[in-house]
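J.: What follows is a single structure, and I will ask about it in a moment.
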Amino acid sequence: MNNEIRNLKPECIWRNFDALTEVPRPSGHLEKVQQFLLDFGKKVGVEVFKDEGNNIVMRKPASAGMENRKGVILQAHMDMVPQKTPESTHNFETDPIQTWIDGEWVKAKNTTLGADNGLGVAAIMAIMEDKTLKHGPIEALITADEETGMYGANDLPEKMLQGDILLNLDSETWGKFVIGSAGGIDVTATLDYKEAETDPEDAAVKVTLKGLRGGHSGLEIHEGRGNANKMMVQVVREAIEVCEARLASWHGGNMRNAIPFKAEVVLTLPKENIDALKELVSDYLADFTDQYKTIESGIELFCEEVEAPKTELPVEIQDNIVDAIYACHNGVLRMIPSYPSVVETSSNLAIIDIEGGKAALKILARSSREDMKEYIVNTLESCFNMAGMKVETAGSYGGWDPNPDSEILHLLLKVYKELNGEDGIIQVDHAGLECSVILGKYPHLDVVSLGPTMKSPHTTTERALIKTVAPFWELLKKTLEEIPEK
């Protein structure tokens, strides 16, 4: 329990957020947080249950005199991205998040904070427990495993939700109201290969690239941050050409929707070429430092001699895979022509695991256009097909088409200006939001996404801007009071 965090205002949100940080909730391991939310709903006296998609649903009846208002669904996701610094011993399945206040920010010690989307969940909890608020019928939809494929939203039962309006609380910039987002799809390329025996006279070197900023592959893909896998392939390809190196293993990245900040490879090579490899690595460190000098500040690239593995990739398999990684599209493909400041189509070479006769590469492709999503998938598939790899897709979700005439949008903009004395900003995001999936099952809903300001979600520098949480809370309360009649 962090009493310092609990002393922040509004107390109702920060108290609930602090309680949430005590409960382990990495994607894929949500049993504890599901029980926590079920217990919370029962404690505050609202209807609460877990649906067949493993989502938690709460229902709070209208306050007196507000029964004829449109129903509002408050939506957030319960899981968090589990990233930690190399020196951290944190276990996301058992340990609480260690939060601290750094000036105007709330941060976590050596891990992701989980403000994405813990602050949204905490706001829902605050509304569910508050007996003084004026509001019409309210439902809470707290979805499961958003970060790994929107599984909870995809498995959401039809005809279960009763509301007319959906307020998604998973946006990261205060004062901006999101009315559209990109769709996405997971692309996986795999290959099983027969390992070759390592030359017993060869040495082995592990090359490590780390210290990159990483980041959210939807929100920050346009910033030109270093992708550890795409940077490492330059080193590996030249080591093969110049130092007679062979690839034994490769491990880079760990989350499909996070820009990879670390990669490690083990190379075998003739002992007399070790110094040449070390010089090559040193040269690439200088190059990368210069290339990314305005974007990345902590790049580390180094090599160390290790015990030689018994096996490595066969030459032809190695060359084909390395060439495919080099050729694989990564980053922004196109901006939206009508919104030139917003990314339309991108891909993130998120995870590479090669060892023990198995190679697997995972990419998250995004686009706000279905035809361009198909194009980027075909681009990636063509690249890996040429390397003889099997390409599969999964977890496809469509984009969320903007509705600038949304009734709830205009109410939010009106209330925001009344409370803050300035106009809110309407925005279309490249990051995927569950709104598109939910709209596919409940097309009648009027939907807007909003939230307080957070920076660098999906990284160990994730932080929440304290001063934006109180006005976010005031906006939610006043908007609920002014929801129109049915």
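Chain labels A, B, ... are given in the sequence in which chains occur in the structure tokens; within each chain residues are numbered consecutively from 1, and ligands are likewise numbered from 1 in the order shown.
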So that I can see what lies close to Tyr416 (chain A), please list as an MDAnalysis selection string the residues with an atom at most 10 Å from it, counting only C-alpha atoms and leaving out residues fewer than 3 positions away in the same chain.

T.: chainID A and resid 175 410:413 419:424 471:472 474:476 478:479

J.: Next, dump the selected residues to file, keeping only all heavy atoms, as a short mmCIF file (atom, residue, chain, number, x, y, z; two decimals), in the first residue's frame.

T.:
data_model
loop_
_atom_site.label_atom_id
_atom_site.label_comp_id
_atom_site.auth_asym_id
_atom_site.auth_seq_id
_atom_site.Cartn_x
_atom_site.Cartn_y
_atom_site.Cartn_z
N GLY A 175 -7.90 15.94 -22.62
CA GLY A 175 -8.37 17.01 -23.49
C GLY A 175 -8.58 16.59 -24.92
O GLY A 175 -9.09 17.38 -25.73
N HIS A 410 -20.42 15.55 -28.59
CA HIS A 410 -20.74 16.97 -28.45
C HIS A 410 -21.09 17.33 -27.02
O HIS A 410 -20.78 18.45 -26.56
CB HIS A 410 -21.85 17.35 -29.43
CG HIS A 410 -21.39 17.33 -30.86
ND1 HIS A 410 -20.49 18.25 -31.35
CD2 HIS A 410 -21.67 16.48 -31.89
CE1 HIS A 410 -20.25 17.99 -32.63
NE2 HIS A 410 -20.95 16.92 -32.97
N LEU A 411 -21.69 16.40 -26.27
CA LEU A 411 -21.92 16.66 -24.85
C LEU A 411 -20.60 16.75 -24.10
O LEU A 411 -20.39 17.65 -23.28
CB LEU A 411 -22.80 15.55 -24.26
CG LEU A 411 -23.03 15.64 -22.74
CD1 LEU A 411 -23.68 16.97 -22.35
CD2 LEU A 411 -23.88 14.46 -22.25
N LEU A 412 -19.68 15.83 -24.36
CA LEU A 412 -18.38 15.85 -23.70
C LEU A 412 -17.63 17.15 -24.02
O LEU A 412 -17.02 17.76 -23.13
CB LEU A 412 -17.54 14.65 -24.14
CG LEU A 412 -17.91 13.30 -23.50
CD1 LEU A 412 -17.30 12.15 -24.30
CD2 LEU A 412 -17.43 13.23 -22.05
N LEU A 413 -17.68 17.58 -25.27
CA LEU A 413 -17.00 18.81 -25.66
C LEU A 413 -17.59 20.02 -24.95
O LEU A 413 -16.87 20.93 -24.51
CB LEU A 413 -17.05 19.00 -27.18
CG LEU A 413 -16.24 18.00 -28.02
CD1 LEU A 413 -16.55 18.18 -29.50
CD2 LEU A 413 -14.74 18.18 -27.77
N LEU A 419 -15.96 23.36 -17.99
CA LEU A 419 -15.13 23.08 -16.83
C LEU A 419 -13.71 23.62 -16.97
O LEU A 419 -13.07 23.97 -15.97
CB LEU A 419 -15.05 21.58 -16.57
CG LEU A 419 -16.35 20.89 -16.11
CD1 LEU A 419 -16.14 19.39 -16.04
CD2 LEU A 419 -16.79 21.43 -14.75
N ASN A 420 -13.22 23.69 -18.21
CA ASN A 420 -11.80 24.00 -18.41
C ASN A 420 -11.54 25.29 -19.17
O ASN A 420 -10.38 25.72 -19.28
CB ASN A 420 -11.12 22.83 -19.14
CG ASN A 420 -11.20 21.54 -18.36
OD1 ASN A 420 -10.44 21.32 -17.42
ND2 ASN A 420 -12.14 20.67 -18.74
N GLY A 421 -12.60 25.90 -19.72
CA GLY A 421 -12.44 27.17 -20.41
C GLY A 421 -11.71 27.10 -21.73
O GLY A 421 -11.22 28.11 -22.23
N GLU A 422 -11.63 25.94 -22.31
CA GLU A 422 -10.99 25.78 -23.62
C GLU A 422 -11.67 24.65 -24.37
O GLU A 422 -12.37 23.81 -23.78
CB GLU A 422 -9.50 25.48 -23.46
CG GLU A 422 -9.20 24.20 -22.70
CD GLU A 422 -7.72 23.97 -22.47
OE1 GLU A 422 -6.95 24.95 -22.58
OE2 GLU A 422 -7.33 22.82 -22.21
N ASP A 423 -11.46 24.62 -25.67
CA ASP A 423 -12.07 23.59 -26.50
C ASP A 423 -11.30 22.28 -26.40
O ASP A 423 -10.05 22.27 -26.36
CB ASP A 423 -12.11 24.02 -27.97
CG ASP A 423 -13.07 25.18 -28.21
OD1 ASP A 423 -14.08 25.25 -27.50
OD2 ASP A 423 -12.79 26.01 -29.11
N GLY A 424 -12.03 21.18 -26.37
CA GLY A 424 -11.41 19.87 -26.48
C GLY A 424 -11.01 19.59 -27.91
O GLY A 424 -11.45 20.25 -28.85
N PRO A 471 -9.37 16.76 -13.21
CA PRO A 471 -10.32 17.26 -14.21
C PRO A 471 -11.00 16.15 -15.00
O PRO A 471 -12.16 16.29 -15.41
CB PRO A 471 -9.47 18.16 -15.10
CG PRO A 471 -8.06 17.82 -14.82
CD PRO A 471 -8.02 17.32 -13.42
N PHE A 472 -10.30 15.04 -15.22
CA PHE A 472 -10.91 13.88 -15.87
C PHE A 472 -12.09 13.37 -15.03
O PHE A 472 -13.18 13.08 -15.55
CB PHE A 472 -9.84 12.79 -16.05
CG PHE A 472 -10.37 11.42 -16.35
CD1 PHE A 472 -11.00 11.14 -17.55
CD2 PHE A 472 -10.21 10.37 -15.44
CE1 PHE A 472 -11.48 9.87 -17.84
CE2 PHE A 472 -10.68 9.11 -15.72
CZ PHE A 472 -11.32 8.85 -16.92
N GLU A 474 -13.87 15.11 -12.80
CA GLU A 474 -14.94 16.11 -12.83
C GLU A 474 -15.72 16.03 -14.13
O GLU A 474 -16.96 16.17 -14.14
CB GLU A 474 -14.37 17.51 -12.63
CG GLU A 474 -13.75 17.75 -11.26
CD GLU A 474 -14.74 17.51 -10.13
OE1 GLU A 474 -15.91 17.93 -10.25
OE2 GLU A 474 -14.34 16.88 -9.12
N LEU A 475 -15.04 15.80 -15.24
CA LEU A 475 -15.71 15.68 -16.53
C LEU A 475 -16.63 14.46 -16.55
O LEU A 475 -17.78 14.54 -17.03
CB LEU A 475 -14.68 15.57 -17.65
CG LEU A 475 -15.25 15.36 -19.06
CD1 LEU A 475 -16.06 16.57 -19.52
CD2 LEU A 475 -14.13 15.06 -20.06
N LEU A 476 -16.14 13.34 -16.04
CA LEU A 476 -16.97 12.14 -15.99
C LEU A 476 -18.24 12.37 -15.17
O LEU A 476 -19.36 12.04 -15.60
CB LEU A 476 -16.18 10.98 -15.38
CG LEU A 476 -15.33 10.10 -16.28
CD1 LEU A 476 -14.70 8.98 -15.47
CD2 LEU A 476 -16.13 9.53 -17.44
N LYS A 478 -19.84 15.19 -14.28
CA LYS A 478 -20.79 16.16 -14.84
C LYS A 478 -21.44 15.64 -16.11
O LYS A 478 -22.62 15.89 -16.37
CB LYS A 478 -20.08 17.50 -15.12
CG LYS A 478 -21.03 18.67 -15.34
CD LYS A 478 -20.33 19.99 -15.32
CE LYS A 478 -21.28 21.17 -15.26
NZ LYS A 478 -22.43 21.12 -16.12
N THR A 479 -20.69 14.89 -16.91
CA THR A 479 -21.27 14.31 -18.12
C THR A 479 -22.36 13.30 -17.77
O THR A 479 -23.42 13.27 -18.41
CB THR A 479 -20.16 13.64 -18.97
OG1 THR A 479 -19.19 14.61 -19.33
CG2 THR A 479 -20.75 13.02 -20.22
#

J.: Within 12 Å of region 190-193 of chain A, counting only C-alpha atoms, which residues show up once you throw out same-chain ones fewer than 5 positions away? Write them as a ChimeraX atom specification, please.

T.: /A:311-318,320-321,324,351-363,381,384-385,387-393

J.: Please produce a file of the residues just selected, as a tab-separated table (two decimals), in the first residue's frame, where the atoms kept are N, CA, C and O atoms.

T.:
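Result written to part_33.tsv:
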chain	number	residue	atom	x	y	z
A	311	THR	N	24.74	-26.83	-31.34
A	311	THR	CA	24.13	-26.76	-32.66
A	311	THR	C	23.90	-25.31	-33.07
A	311	THR	O	23.92	-24.39	-32.24
A	312	GLU	N	23.65	-25.13	-34.36
A	312	GLU	CA	23.39	-23.82	-34.94
A	312	GLU	C	22.47	-23.99	-36.14
A	312	GLU	O	22.10	-25.12	-36.51
A	313	LEU	N	22.08	-22.89	-36.76
A	313	LEU	CA	21.23	-22.99	-37.93
A	313	LEU	C	22.03	-23.44	-39.14
A	313	LEU	O	23.19	-23.02	-39.32
A	314	PRO	N	21.45	-24.29	-40.00
A	314	PRO	CA	22.11	-24.60	-41.27
A	314	PRO	C	22.30	-23.32	-42.08
A	314	PRO	O	21.51	-22.38	-41.98
A	315	VAL	N	23.33	-23.27	-42.90
A	315	VAL	CA	23.69	-22.05	-43.61
A	315	VAL	C	22.53	-21.50	-44.43
A	315	VAL	O	22.20	-20.31	-44.35
A	316	GLU	N	21.88	-22.33	-45.23
A	316	GLU	CA	20.83	-21.82	-46.12
A	316	GLU	C	19.64	-21.29	-45.31
A	316	GLU	O	19.09	-20.23	-45.62
A	317	ILE	N	19.24	-22.03	-44.27
A	317	ILE	CA	18.14	-21.57	-43.42
A	317	ILE	C	18.51	-20.24	-42.76
A	317	ILE	O	17.72	-19.29	-42.73
A	318	GLN	N	19.72	-20.19	-42.23
A	318	GLN	CA	20.20	-18.97	-41.58
A	318	GLN	C	20.14	-17.78	-42.53
A	318	GLN	O	19.59	-16.72	-42.20
A	320	ASN	N	18.43	-17.32	-45.31
A	320	ASN	CA	17.07	-16.97	-45.72
A	320	ASN	C	16.34	-16.21	-44.61
A	320	ASN	O	15.65	-15.21	-44.87
A	321	ILE	N	16.47	-16.68	-43.37
A	321	ILE	CA	15.78	-16.02	-42.26
A	321	ILE	C	16.36	-14.64	-42.01
A	321	ILE	O	15.61	-13.66	-41.81
A	324	ALA	N	15.15	-12.32	-44.60
A	324	ALA	CA	13.73	-11.98	-44.40
A	324	ALA	C	13.56	-10.96	-43.29
A	324	ALA	O	12.75	-10.02	-43.41
A	351	ILE	N	8.59	-9.59	-31.99
A	351	ILE	CA	9.22	-10.71	-31.28
A	351	ILE	C	9.95	-11.61	-32.27
A	351	ILE	O	9.39	-11.98	-33.32
A	352	ILE	N	11.17	-11.98	-31.94
A	352	ILE	CA	11.91	-13.01	-32.68
A	352	ILE	C	12.43	-14.02	-31.67
A	352	ILE	O	13.10	-13.66	-30.70
A	353	ASP	N	12.11	-15.29	-31.90
A	353	ASP	CA	12.65	-16.39	-31.10
A	353	ASP	C	13.16	-17.47	-32.05
A	353	ASP	O	12.37	-18.10	-32.77
A	354	ILE	N	14.46	-17.67	-32.06
A	354	ILE	CA	15.08	-18.68	-32.91
A	354	ILE	C	16.05	-19.50	-32.07
A	354	ILE	O	17.01	-18.95	-31.51
A	355	GLU	N	15.79	-20.77	-31.94
A	355	GLU	CA	16.67	-21.67	-31.18
A	355	GLU	C	16.08	-23.06	-31.20
A	355	GLU	O	14.86	-23.23	-31.30
A	356	GLY	N	16.95	-24.05	-31.12
A	356	GLY	CA	16.51	-25.43	-30.94
A	356	GLY	C	15.67	-25.99	-32.07
A	356	GLY	O	14.77	-26.80	-31.84
A	357	GLY	N	15.94	-25.58	-33.29
A	357	GLY	CA	15.21	-26.11	-34.44
A	357	GLY	C	13.91	-25.43	-34.73
A	357	GLY	O	13.15	-25.89	-35.60
A	358	LYS	N	13.61	-24.33	-34.06
A	358	LYS	CA	12.36	-23.61	-34.30
A	358	LYS	C	12.63	-22.12	-34.41
A	358	LYS	O	13.35	-21.55	-33.58
A	359	ALA	N	12.03	-21.52	-35.43
A	359	ALA	CA	12.10	-20.07	-35.61
A	359	ALA	C	10.69	-19.52	-35.62
A	359	ALA	O	9.80	-20.06	-36.29
A	360	ALA	N	10.47	-18.43	-34.87
A	360	ALA	CA	9.15	-17.80	-34.82
A	360	ALA	C	9.33	-16.29	-34.76
A	360	ALA	O	10.07	-15.78	-33.93
A	361	LEU	N	8.65	-15.60	-35.67
A	361	LEU	CA	8.66	-14.15	-35.71
A	361	LEU	C	7.23	-13.66	-35.60
A	361	LEU	O	6.33	-14.19	-36.27
A	362	LYS	N	6.99	-12.62	-34.76
A	362	LYS	CA	5.64	-12.12	-34.55
A	362	LYS	C	5.59	-10.62	-34.83
A	362	LYS	O	6.41	-9.86	-34.31
A	363	ILE	N	4.64	-10.24	-35.66
A	363	ILE	CA	4.47	-8.86	-36.08
A	363	ILE	C	3.03	-8.44	-35.82
A	363	ILE	O	2.10	-9.22	-36.08
A	381	GLU	N	3.64	-11.37	-45.66
A	381	GLU	CA	3.55	-12.77	-46.06
A	381	GLU	C	4.49	-13.06	-47.23
A	381	GLU	O	5.18	-14.08	-47.25
A	384	PHE	N	8.18	-13.34	-45.97
A	384	PHE	CA	8.55	-14.57	-45.25
A	384	PHE	C	8.32	-15.82	-46.07
A	384	PHE	O	8.99	-16.84	-45.85
A	385	ASN	N	7.41	-15.77	-47.04
A	385	ASN	CA	7.26	-16.91	-47.95
A	385	ASN	C	8.54	-17.16	-48.72
A	385	ASN	O	8.92	-18.30	-48.99
A	387	ALA	N	11.41	-16.86	-47.71
A	387	ALA	CA	12.36	-17.54	-46.82
A	387	ALA	C	11.90	-18.95	-46.48
A	387	ALA	O	12.52	-19.62	-45.65
A	388	GLY	N	10.81	-19.40	-47.10
A	388	GLY	CA	10.31	-20.74	-46.85
A	388	GLY	C	9.57	-20.88	-45.54
A	388	GLY	O	9.38	-22.00	-45.05
A	389	MET	N	9.12	-19.77	-44.96
A	389	MET	CA	8.46	-19.82	-43.66
A	389	MET	C	6.94	-19.94	-43.82
A	389	MET	O	6.38	-19.49	-44.83
A	390	LYS	N	6.31	-20.50	-42.84
A	390	LYS	CA	4.85	-20.60	-42.80
A	390	LYS	C	4.31	-19.34	-42.15
A	390	LYS	O	4.74	-18.96	-41.06
A	391	VAL	N	3.36	-18.70	-42.82
A	391	VAL	CA	2.82	-17.44	-42.31
A	391	VAL	C	1.35	-17.63	-41.95
A	391	VAL	O	0.55	-18.13	-42.75
A	392	GLU	N	1.00	-17.24	-40.72
A	392	GLU	CA	-0.37	-17.34	-40.24
A	392	GLU	C	-0.81	-16.01	-39.65
A	392	GLU	O	0.01	-15.26	-39.12
A	393	THR	N	-2.10	-15.74	-39.73
A	393	THR	CA	-2.65	-14.53	-39.13
A	393	THR	C	-3.69	-14.90	-38.07
A	393	THR	O	-4.32	-15.96	-38.15

J.: What lies within 6 Å of region 125-130 of chain A using only C-alpha atoms, ignoring chain neighbours under 5 positions off, as JSON, numbers by chain?

T.: {"A": [12, 13, 44]}

J.: Could you give me, as a PDB file with N, CA and C atoms, in the first residue's frame, the residues within 6 Å of region 57-74 of chain A, counting only C-alpha atoms and dropping anything in the same chain fewer than 4 positions from it?

T.:
ATOM      1  N   VAL A  46     -23.291  -3.437  -5.903  1.00  0.00           N
ATOM      2  CA  VAL A  46     -23.816  -3.390  -7.261  1.00  0.00           C
ATOM      3  C   VAL A  46     -23.858  -4.808  -7.829  1.00  0.00           C
ATOM      4  N   GLU A  47     -24.670  -4.984  -8.855  1.00  0.00           N
ATOM      5  CA  GLU A  47     -24.687  -6.275  -9.545  1.00  0.00           C
ATOM      6  C   GLU A  47     -23.343  -6.489 -10.220  1.00  0.00           C
ATOM      7  N   VAL A  48     -22.780  -7.662 -10.081  1.00  0.00           N
ATOM      8  CA  VAL A  48     -21.472  -7.934 -10.672  1.00  0.00           C
ATOM      9  C   VAL A  48     -21.381  -9.393 -11.065  1.00  0.00           C
ATOM     10  N   PHE A  49     -20.784  -9.672 -12.218  1.00  0.00           N
ATOM     11  CA  PHE A  49     -20.605 -11.057 -12.658  1.00  0.00           C
ATOM     12  C   PHE A  49     -19.497 -11.119 -13.704  1.00  0.00           C
ATOM     13  N   LYS A 134     -25.165  11.745  -9.386  1.00  0.00           N
ATOM     14  CA  LYS A 134     -26.434  11.730 -10.114  1.00  0.00           C
ATOM     15  C   LYS A 134     -26.173  11.155 -11.502  1.00  0.00           C
ATOM     16  N   HIS A 135     -26.944  10.150 -11.868  1.00  0.00           N
ATOM     17  CA  HIS A 135     -26.676   9.475 -13.139  1.00  0.00           C
ATOM     18  C   HIS A 135     -27.853   8.599 -13.526  1.00  0.00           C
ATOM     19  N   GLY A 136     -27.922   8.293 -14.800  1.00  0.00           N
ATOM     20  CA  GLY A 136     -28.863   7.298 -15.279  1.00  0.00           C
ATOM     21  C   GLY A 136     -28.299   5.906 -15.081  1.00  0.00           C
ATOM     22  N   PRO A 137     -28.876   4.893 -15.738  1.00  0.00           N
ATOM     23  CA  PRO A 137     -28.375   3.517 -15.590  1.00  0.00           C
ATOM     24  C   PRO A 137     -26.923   3.420 -16.065  1.00  0.00           C
ATOM     25  N   ILE A 138     -26.085   2.755 -15.287  1.00  0.00           N
ATOM     26  CA  ILE A 138     -24.666   2.618 -15.624  1.00  0.00           C
ATOM     27  C   ILE A 138     -24.276   1.142 -15.621  1.00  0.00           C
ATOM     28  N   GLU A 139     -23.532   0.774 -16.633  1.00  0.00           N
ATOM     29  CA  GLU A 139     -22.885  -0.538 -16.675  1.00  0.00           C
ATOM     30  C   GLU A 139     -21.378  -0.332 -16.724  1.00  0.00           C
ATOM     31  N   ALA A 140     -20.648  -1.225 -16.143  1.00  0.00           N
ATOM     32  CA  ALA A 140     -19.197  -1.263 -16.286  1.00  0.00           C
ATOM     33  C   ALA A 140     -18.832  -2.514 -17.068  1.00  0.00           C
ATOM     34  N   LEU A 141     -17.990  -2.355 -18.058  1.00  0.00           N
ATOM     35  CA  LEU A 141     -17.455  -3.488 -18.812  1.00  0.00           C
ATOM     36  C   LEU A 141     -15.937  -3.420 -18.694  1.00  0.00           C
ATOM     37  N   GLY A 163     -26.764  -0.754 -22.417  1.00  0.00           N
ATOM     38  CA  GLY A 163     -26.618   0.684 -22.565  1.00  0.00           C
ATOM     39  C   GLY A 163     -26.755   1.191 -23.991  1.00  0.00           C
ATOM     40  N   ASP A 164     -26.787   2.521 -24.098  1.00  0.00           N
ATOM     41  CA  ASP A 164     -26.902   3.212 -25.388  1.00  0.00           C
ATOM     42  C   ASP A 164     -25.620   3.956 -25.754  1.00  0.00           C
ATOM     43  N   ILE A 165     -24.793   4.251 -24.752  1.00  0.00           N
ATOM     44  CA  ILE A 165     -23.582   5.047 -24.924  1.00  0.00           C
ATOM     45  C   ILE A 165     -22.410   4.265 -24.339  1.00  0.00           C
ATOM     46  N   LEU A 166     -21.276   4.278 -25.035  1.00  0.00           N
ATOM     47  CA  LEU A 166     -20.064   3.638 -24.525  1.00  0.00           C
ATOM     48  C   LEU A 166     -18.985   4.701 -24.338  1.00  0.00           C
ATOM     49  N   LEU A 167     -18.511   4.848 -23.106  1.00  0.00           N
ATOM     50  CA  LEU A 167     -17.362   5.702 -22.817  1.00  0.00           C
ATOM     51  C   LEU A 167     -16.173   4.796 -22.533  1.00  0.00           C
ATOM     52  N   PRO A 484     -28.475  12.647 -21.952  1.00  0.00           N
ATOM     53  CA  PRO A 484     -29.830  12.935 -22.424  1.00  0.00           C
ATOM     54  C   PRO A 484     -30.821  11.815 -22.135  1.00  0.00           C
ATOM     55  N   GLU A 485     -32.070  12.161 -22.253  1.00  0.00           N
ATOM     56  CA  GLU A 485     -33.110  11.168 -22.062  1.00  0.00           C
ATOM     57  C   GLU A 485     -33.190  10.229 -23.264  1.00  0.00           C
ATOM     58  N   LYS A 486     -33.813   9.088 -23.032  1.00  0.00           N
ATOM     59  CA  LYS A 486     -33.966   8.106 -24.111  1.00  0.00           C
ATOM     60  C   LYS A 486     -34.885   8.620 -25.200  1.00  0.00           C
TER      61      LYS A 486
END

J.: Which one is closest to Leu364 (chain A): A:Asn257, A:Thr453, A:Ser382, A:Asn403? Count only C-alpha atoms.

T.: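 Ranking A:Asn257, A:Thr453, A:Ser382, A:Asn403 by distance to Leu364 (chain A), first place goes to A:Asn257.
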
J.: Using only C-alpha atoms, which residue out of A:Arg334, A:Lys131, A:Lys107, A:Lys42 lies closest to Leu465 (chain A)?

T.: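 Of the candidates, the smallest distance to Leu465 (chain A) is held by A:Lys107.
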
J.: Show which residues sit within 7 Å of Gln427 (chain A), as an NGL selection string. Count only C-alpha atoms, and ignore same-chain residues fewer than 3 positions away.

T.: :A and (176-179)

J.: Let's see if you can do this: from backbone DSSP, list all helix (DSSP H, G or I) residues in region 46-283 of chain A, as a PDB file with C-alpha atoms, in the first residue's frame.

T.:
ATOM      1  CA  ALA A 115      -1.983   3.096 -15.546  1.00  0.00           C
ATOM      2  CA  ASP A 116      -2.828   1.682 -18.969  1.00  0.00           C
ATOM      3  CA  ASN A 117      -5.623   0.836 -18.220  1.00  0.00           C
ATOM      4  CA  GLY A 118      -5.629   0.797 -14.428  1.00  0.00           C
ATOM      5  CA  LEU A 119      -6.661   4.438 -14.141  1.00  0.00           C
ATOM      6  CA  GLY A 120      -9.699   3.696 -16.286  1.00  0.00           C
ATOM      7  CA  VAL A 121     -10.608   0.743 -14.048  1.00  0.00           C
ATOM      8  CA  ALA A 122     -10.057   2.881 -10.933  1.00  0.00           C
ATOM      9  CA  ALA A 123     -12.397   5.571 -12.295  1.00  0.00           C
ATOM     10  CA  ILE A 124     -15.077   2.929 -12.905  1.00  0.00           C
ATOM     11  CA  MET A 125     -14.634   1.644  -9.362  1.00  0.00           C
ATOM     12  CA  ALA A 126     -14.978   5.189  -8.010  1.00  0.00           C
ATOM     13  CA  ILE A 127     -18.251   5.668  -9.868  1.00  0.00           C
ATOM     14  CA  MET A 128     -19.615   2.313  -8.768  1.00  0.00           C
ATOM     15  CA  GLU A 129     -18.959   2.979  -5.069  1.00  0.00           C
ATOM     16  CA  TYR A 151      -9.700 -11.541 -26.365  1.00  0.00           C
ATOM     17  CA  GLY A 152     -12.260 -10.327 -23.839  1.00  0.00           C
ATOM     18  CA  ALA A 153     -13.854  -7.930 -26.307  1.00  0.00           C
ATOM     19  CA  ASN A 154     -13.801 -10.533 -29.066  1.00  0.00           C
ATOM     20  CA  ILE A 221       5.384   3.953 -33.963  1.00  0.00           C
ATOM     21  CA  HIS A 222       5.739   7.260 -35.852  1.00  0.00           C
ATOM     22  CA  GLU A 223       8.472   8.615 -33.565  1.00  0.00           C
ATOM     23  CA  ALA A 228      15.988  -3.865 -31.378  1.00  0.00           C
ATOM     24  CA  ASN A 229      15.266  -6.656 -33.871  1.00  0.00           C
ATOM     25  CA  LYS A 230      15.652  -4.446 -36.945  1.00  0.00           C
ATOM     26  CA  MET A 231      18.857  -2.945 -35.566  1.00  0.00           C
ATOM     27  CA  MET A 232      20.305  -6.313 -34.568  1.00  0.00           C
ATOM     28  CA  VAL A 233      19.781  -7.814 -38.027  1.00  0.00           C
ATOM     29  CA  GLN A 234      22.232  -5.293 -39.453  1.00  0.00           C
ATOM     30  CA  VAL A 235      24.904  -6.538 -37.071  1.00  0.00           C
ATOM     31  CA  VAL A 236      24.122 -10.209 -37.688  1.00  0.00           C
ATOM     32  CA  ARG A 237      24.073  -9.941 -41.476  1.00  0.00           C
ATOM     33  CA  GLU A 238      27.445  -8.198 -41.623  1.00  0.00           C
ATOM     34  CA  ALA A 239      28.944 -10.574 -39.043  1.00  0.00           C
ATOM     35  CA  ILE A 240      27.954 -13.469 -41.292  1.00  0.00           C
ATOM     36  CA  GLU A 241      29.491 -11.787 -44.351  1.00  0.00           C
ATOM     37  CA  VAL A 242      32.672 -10.385 -42.790  1.00  0.00           C
ATOM     38  CA  CYS A 243      33.465 -12.610 -39.800  1.00  0.00           C
ATOM     39  CA  LYS A 271      38.361 -17.961 -32.941  1.00  0.00           C
ATOM     40  CA  GLU A 272      40.693 -15.795 -34.983  1.00  0.00           C
ATOM     41  CA  ASN A 273      37.704 -13.634 -36.048  1.00  0.00           C
ATOM     42  CA  ILE A 274      36.539 -12.682 -32.549  1.00  0.00           C
ATOM     43  CA  ASP A 275      38.468  -9.423 -32.530  1.00  0.00           C
ATOM     44  CA  ALA A 276      36.991  -8.508 -35.921  1.00  0.00           C
ATOM     45  CA  LEU A 277      33.488  -9.143 -34.555  1.00  0.00           C
ATOM     46  CA  LYS A 278      34.176  -6.994 -31.503  1.00  0.00           C
ATOM     47  CA  GLU A 279      35.364  -4.186 -33.769  1.00  0.00           C
ATOM     48  CA  LEU A 280      32.252  -4.603 -35.922  1.00  0.00           C
ATOM     49  CA  VAL A 281      29.994  -4.366 -32.879  1.00  0.00           C
ATOM     50  CA  SER A 282      31.847  -1.273 -31.680  1.00  0.00           C
ATOM     51  CA  ASP A 283      31.408   0.371 -35.089  1.00  0.00           C
TER      52      ASP A 283
END

J.: Env of region 76-80 of chain A: 7 Å cut, atoms = only C-alpha atoms, seq-sep filter 3 positions within chain, self excluded. Answer as a list in words.

T.: Arg25, Pro26, Ser27, Leu30, Gly114, Asp116, Asn117, Gly118, Gly120, Val121, Leu141, Ile142, Thr143, Ala144, Asp145, Glu146, Glu147, Asn168, Leu169 and Asp170 of chain A

J.: With a distance cut-off of 12 Å and only C-alpha atoms, select the neighbouring residues of Lys373 (chain A), excluding the residue or stretch itself and same-chain residues fewer than 2 positions from it, and output the selection as a count of residues only.

T.: 31

J.: CA of Gly28 (chain A) and CA of Asn55 (chain A) are how many Å apart?

T.: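 Atom-to-atom, CA of Gly28 (chain A) and CA of Asn55 (chain A) are spaced 12.7 Å apart.
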
J.: From region 33-173 of chain A, collect each residue whose DSSP state is strand (DSSP E) and return the set as a ChimeraX atom specification.

T.: /A:47-50,56-60,72-77,99-102,105-108,138-143,165-168

J.: Between CA of Thr21 (chain A) and CA of Lys210 (chain A), what is the distance, to one decimal in Å?

T.: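 Calculated distance between CA of Thr21 (chain A) and CA of Lys210 (chain A) is 27.1 Å.
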